[in-house]
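Peer 1: My structure is below; once you've seen it, I'll send some questions.
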Amino acid sequence: MHCKTEAELFQRICTVAVEFGGMKMAWVGLVNAETLLVQPVASSGDDTAYLNNLTISVDASIPLGWGPTGSAIREKQPVWCQNFLMDPITAPWHERARLAGLAASASLPLFKNGTAVGAFTLYAGETHAFGESTRDLLMEMADDIGFALNQFASESLRRQIEADVQLKNTILKTQQETSLDGILVVSEHGIIISYNQQFIDLWQLDPQLVSARADAPVLQAVAAQTGDPPAFVARIQYLNEHREDKSREDVLLRDGRIIDRYSAPVTGPDLTHYGRVWYFRDITERKKAAQKFKDLLESAPDAMVIVNSNADMVLVNAQAVHLFGWCRDELLSKKIHSLVPTGLRGQHSDHLNGFFEQPRARNMGAGLDLFGLRKDGSEFPVEVSLSPMETDEGTLVIAAIRDVTENRKAQERITYLNRVYAMLSGINTLIVRTDSREDLFRQACRIAVDGGFSMAMIAMVDPKTLRLVPMASQGKDEALMSAIHGILSSDEAASKTMGARAIREKQVVVSNHSQLDPQVVFRTKYTESGIHSMAVFPLMVSDAAVGVFALYASEVDFFHGEELKLLTELAGDIAFAIDHLEKQERLTYLAYYDGLTGLANQSLFLERVAQSSRSALSAGHKLAIVLIDLDRFKNINDSLGRTAGDELLRKVAQWLSRYVGDANRLARLGADRFAVLMPVVKPENDVEHLLAKMMKAFLAHPFRLNEAIFRIAAKAGVALFPDDGTDTDILFRNAEAALKKAKSSGERHLFYTQSMNEMVAGKLTMENQLRQALLMGEFALHYQPKVNLVSGKVTSAEALIRWNKPGTGLVPPSQFIPILEEIGLINEVGRWALHQANADYLRWHTAGLAPVRIAVNVSALQLRNRTFFDEVRHLVESDARTAAGLELEITESLIMEDVKHSISSLHAIRTLGLTIAIDDFGTGFSSLSYLSKLPVDTLKIDRSFVVDMTAAPEGLALVSTIIHLAHALKLKVVAEGVETQEQARLLRLLNCDDMQGYLFSRPVPAGIFETQFLTP
């Protein structure tokens, strides 16, 4: 048969067996080496799809492998089945065979190069179809098929070898032409076997020269381009003579290029020597890059070491030499492990091996924390970063090594400073929430020790002994603190301590080595307690060192600039807290006590009254509160000064404390007012008698002030519980009402009555009404003319204030002026009167009338007010006509209260152009010497003298004397309260200048005054 392929052969034999051999069906199956199943590859006569999904195996362990085909292949011999449907080994396929009409089968193994690769299986339609002659013929046919298969295999192998050789040659040629190297292969006889274009281009050769295949001319052309041609040729000859040697060298060319030359022998499998292959590569740029890399390595700030997989150091920079102390050649002869301390070398070796197994870059910040070993044996902390570098020699590792000794120290300082900041924050938080010095001191020491200090202590200066007294400590045993207490209480040794020095110099005192520092008193004790550094910070309040904050550390040389600055701030914060708490305590004290006398204030006194009231109520007895007001205390304060006044108040408090026997029953309520609580008042007790006795004793007691003896009178008001009130506030108000009544009536003491309260309530109501009157413009000025006694003409007028009370009408001045003065409203009302009088005067002037000077009364409170002069000056400066239109009337008694101040004030007012009149002259007991000095223009004779003038000769004589005196001092005289013609006649005879009174006119509103007295 002429078949060209196995497939064609297999199909042809199946067809022949069926068409010409009388077989019912025939097929060829090949074994799948992985599944051990026999897969049909060719068939004929399969009309019933017998082979579809047919499963036959060569595995003897399963029934599907026991059939004729599987057994023939496995056992490598034919299997004849003369009755297929009855044979047990064919049971899995009986049904298929019955449908296909198959009765007998023959399975012959097929061999390829001695291996059973499949089977040729034939089927007959009748049993016992395979006789001996048929079997022989089929076995011969199987042998022929095996022979054909071997032939196909040999031919296929030959073609495969030829294809492989052709492929390898193609690959080799492609490699040569695409190689970066110039390649030249020369036989041992000097004949060029092969070369590539890169070789020609690299050496810039004539292609014809190379294609001539002669090595000698090419060698000469190449050698001529080198920097040393004889040496180059000599080296070539040496290698040709030493056929087994390999060589790699750098060749420097005349044009500056550097060529990497590599050579190796070409040897066959049988060690036959065929010649030598040469590789040439231009490495000029690589060399430049390598040099640049070395330069970069040298300029790197860190120590740089390049290591291969054998742990050899192949390149180091100057920083590595400097860091480790070895010279460069020494380092390059060592393993990298020699730079690692002995105890860490095993671990380091594992890390290095792990790196080469999985090379990856590690940045400096994420590097390994290691220790380096110098040549001198000293160890130091380093930080290492690793980076892989791929080279021709394989993977190398670039190690950047940094000495982190200073960084580690800096980090330790930062960590410590962070602890200091945390401590600062903790103590500042404590300062905000603490409410006592004891808690502040205790907690501040605790926070300091929790923050890392071995011990902390706060000591304060005793203001009496001026010694430091420990207030709180934390961190050490009682024995050490007992020793510190002992030395601080010693007169001689205490002054030598660091704490005493911090107090004296008002600055921090530091010892960074307590064992060797002579300024440390307890050197041995501190050392035994593990304390080696300490700092003592003064606690400064108002530029005074009031205490110290001492911190102790276990390390030597612990305290330095930055932390000392922070700790000084911390000491300042503690000092601030001390000052704040002292002020808070002072404020708390002042909230309940009088700061001058130490007695309870009104708030605390009323609390005590309330407590005593509850006790009195449950016990069924009464109690009394007595309010005491000192007489003429202001005069003492003004004449002797405030210091003497304060001293008097303290002495009064001391006297009352001794007399009453219990300072808790006393209080100071105001400038010169005190209170006494009588917690038990029983019916048999004569309270009035006890009070009178106390007031008499008080008056009799001599108080020494400024080397002079004073006896002080007082007034008292008393209210009884529960008679005068069951509520503390009501009881107190009723005592105040009794005191006010006593002061106004001149009585030494009075008990409260209901009428007093009604009077006080009425007065309070009027006070509110007066304030409302000023806001609502209910005040008005009435004018009473002053007339010349000779001509009868109006020369001036006095402005008199009136209150036009809604629903009531005009209220007499005597009912509201005292209240205005008492509540201080006289300043605002007096200011209004002055401005209103000026406005009326200017209005009259503008209207073309003949205005007269208006006299305005000035109260004592106004004249004492520091702003009174400025108010008058601003008013005068507001209009040039004002000064000529106003006169100020001041009572004689007011002037005489403070003559020197009055003279000064009146001079200043008079310089503004205003005139000044003394009102009610004759009632203030003026000294004639002072009268001559007063800057006044007019004397007004009091109405009482004018009345007495007609009643008795003495009265007339007195008025005459006043008029003559005034005229002698060149003062104008005005008589007040003139109501009869007889009074006017006598005043004319006595040469009095002007008169004022009901005889001529009552005070009238401004409009009527304008019509009656100013209109021509």
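By convention here, the chains of the structure tokens are called A, B, ... in the order presented, each chain's residues are numbered starting at 1, and ligands are numbered starting at 1 in the order presented.
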Write down as a PyMOL selection string the residues belonging to region 428-512 of chain A that are assigned helix (DSSP H, G or I) by DSSP computed on the backbone.
Peer 2: chain A and resi 428-433+437-450+478-488+491-494+498-505
Peer 1: For region 24-37 of chain A, list every protein, DNA or RNA residue within 7 Å, evaluated using only C-alpha atoms, and leave out those in the same chain fewer than 5 positions away; present the list as a compact mmCIF listing (two decimals) with N, CA, C and O atoms, in the first residue's frame.
Peer 2:
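Wrote it out as out-v1.txt, contents follow:
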```txt
# COMPACT_ATOMS: atom_id res chain seq x y z
N PHE A 10 -4.23 3.78 8.56
CA PHE A 10 -5.24 3.18 9.43
C PHE A 10 -6.58 3.08 8.72
O PHE A 10 -7.28 2.06 8.81
N CYS A 14 -8.69 -0.57 7.51
CA CYS A 14 -10.05 -0.84 7.98
C CYS A 14 -10.98 -1.08 6.79
O CYS A 14 -11.83 -1.99 6.80
N ALA A 17 -10.31 -4.54 5.15
CA ALA A 17 -10.78 -5.66 5.96
C ALA A 17 -12.27 -5.86 5.81
O ALA A 17 -12.77 -6.99 5.81
N VAL A 18 -13.02 -4.80 5.60
CA VAL A 18 -14.47 -4.91 5.50
C VAL A 18 -14.87 -5.23 4.06
O VAL A 18 -15.69 -6.12 3.80
N ALA A 42 -9.71 5.42 13.35
CA ALA A 42 -10.16 5.04 11.99
C ALA A 42 -11.10 3.85 12.11
O ALA A 42 -10.95 3.02 13.03
N SER A 43 -12.11 3.70 11.17
CA SER A 43 -13.06 2.58 11.24
C SER A 43 -13.74 2.41 9.90
O SER A 43 -13.73 3.32 9.05
N SER A 44 -14.38 1.24 9.78
CA SER A 44 -15.15 0.95 8.58
C SER A 44 -16.20 -0.08 8.95
O SER A 44 -15.93 -0.98 9.76
N GLY A 45 -17.41 0.00 8.35
CA GLY A 45 -18.46 -0.95 8.59
C GLY A 45 -19.29 -0.67 9.83
O GLY A 45 -20.11 -1.48 10.23
N ASP A 46 -19.09 0.50 10.47
CA ASP A 46 -19.83 0.80 11.72
C ASP A 46 -21.16 1.43 11.36
O ASP A 46 -21.35 2.65 11.47
N ILE A 56 -13.31 1.91 26.23
CA ILE A 56 -12.44 0.74 26.38
C ILE A 56 -11.16 1.22 27.02
O ILE A 56 -10.58 2.24 26.62
N SER A 57 -10.68 0.51 28.04
CA SER A 57 -9.49 0.91 28.77
C SER A 57 -8.45 -0.17 28.70
O SER A 57 -8.76 -1.34 28.42
N VAL A 58 -7.18 0.20 28.99
CA VAL A 58 -6.11 -0.79 29.08
C VAL A 58 -5.77 -1.05 30.54
O VAL A 58 -4.80 -1.76 30.84
N ASP A 59 -6.56 -0.44 31.46
CA ASP A 59 -6.34 -0.58 32.90
C ASP A 59 -6.96 -1.89 33.35
O ASP A 59 -8.19 -2.08 33.27
N VAL A 117 1.11 0.68 20.91
CA VAL A 117 0.52 2.01 20.94
C VAL A 117 -0.97 1.97 20.68
O VAL A 117 -1.67 2.98 20.81
N GLY A 118 -1.53 0.80 20.27
CA GLY A 118 -2.93 0.70 19.97
C GLY A 118 -3.30 -0.70 19.52
O GLY A 118 -2.54 -1.65 19.74
N ALA A 119 -4.46 -0.82 18.86
CA ALA A 119 -4.90 -2.15 18.43
C ALA A 119 -5.74 -2.03 17.15
O ALA A 119 -6.39 -1.01 16.92
N PHE A 120 -5.66 -3.17 16.34
CA PHE A 120 -6.49 -3.28 15.13
C PHE A 120 -7.52 -4.34 15.46
O PHE A 120 -7.19 -5.50 15.70
N THR A 121 -8.80 -3.94 15.55
CA THR A 121 -9.87 -4.84 15.98
C THR A 121 -10.84 -5.07 14.81
O THR A 121 -11.29 -4.10 14.19
N LEU A 122 -11.18 -6.37 14.57
CA LEU A 122 -12.07 -6.74 13.47
C LEU A 122 -13.23 -7.55 14.06
O LEU A 122 -13.06 -8.29 15.04
N TYR A 123 -14.40 -7.45 13.42
CA TYR A 123 -15.60 -8.17 13.88
C TYR A 123 -16.20 -8.95 12.70
O TYR A 123 -16.26 -8.43 11.57
N ALA A 124 -16.69 -10.22 13.00
CA ALA A 124 -17.37 -11.05 12.00
C ALA A 124 -18.82 -11.24 12.40
O ALA A 124 -19.16 -11.13 13.59
N GLY A 125 -19.68 -11.55 11.41
CA GLY A 125 -21.08 -11.65 11.70
C GLY A 125 -21.48 -13.03 12.20
O GLY A 125 -22.64 -13.24 12.57
```
Peer 1: So, with only C-alpha atoms as the atoms that count, which of A:Thr395, A:Asn240, A:Gln39, A:Ser613 lies closest to Val266 (chain A)?
Peer 2: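 The shortest atom-to-atom distance to Val266 (chain A) comes from A:Asn240.
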Peer 1: Using DSSP on the backbone coordinates, identify all residues within region 538-573 of chain A classified as strand (DSSP E); present the result as a PyMOL selection string.
Peer 2: chain A and resi 538-541+544-553
Peer 1: Quick one: residues within 9 Å of region 811-815 of chain A, only C-alpha atoms, excluding same-chain residues fewer than 3 positions away - as a list in words?
Peer 2: Leu800, Ile801, Arg802, Trp803, Asn804, Lys805, Thr808, Pro818 and Ile819 of chain A
Peer 1: For Leu323 (chain A), list every protein, DNA or RNA residue within 9 Å, evaluated using only C-alpha atoms, and leave out those in the same chain fewer than 4 positions away; present the list as a ChimeraX atom specification.
Peer 2: /A:303,318-319,374,402-403
Peer 1: Calculated over only C-alpha atoms, which of the candidates A:Gly256, A:Gly182, A:Gly426, A:Pro265 has the smallest distance to Tyr279 (chain A)?
Peer 2: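 Among the listed residues, the smallest separation from Tyr279 (chain A) belongs to A:Gly182.
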Peer 1: To one decimal place in Å, what is the distance between CA of Glu736 (chain A) and CA of Ile636 (chain A)?
Peer 2: 23.5 Å
Peer 1: Find the residues near Leu430 (chain A): any atom within 9 Å, counting only C-alpha atoms, skip ones fewer than 4 places away on the same chain, and give them as a PyMOL selection string.
Peer 2: chain A and resi 425-426+434+439-440+443-444
Peer 1: When distances are computed from only C-alpha atoms, which of A:Tyr552, A:Tyr752, A:Phe921, A:Phe147 shows the smallest separation from Cys445 (chain A)?
Peer 2: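 Distance minimum relative to Cys445 (chain A) lands on A:Tyr552.
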Peer 1: What is the distance between CA of His273 (chain A) and CA of Val185 (chain A), in Å to one decimal?
Peer 2: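 Here the two named atoms are 12.6 Å from each other.
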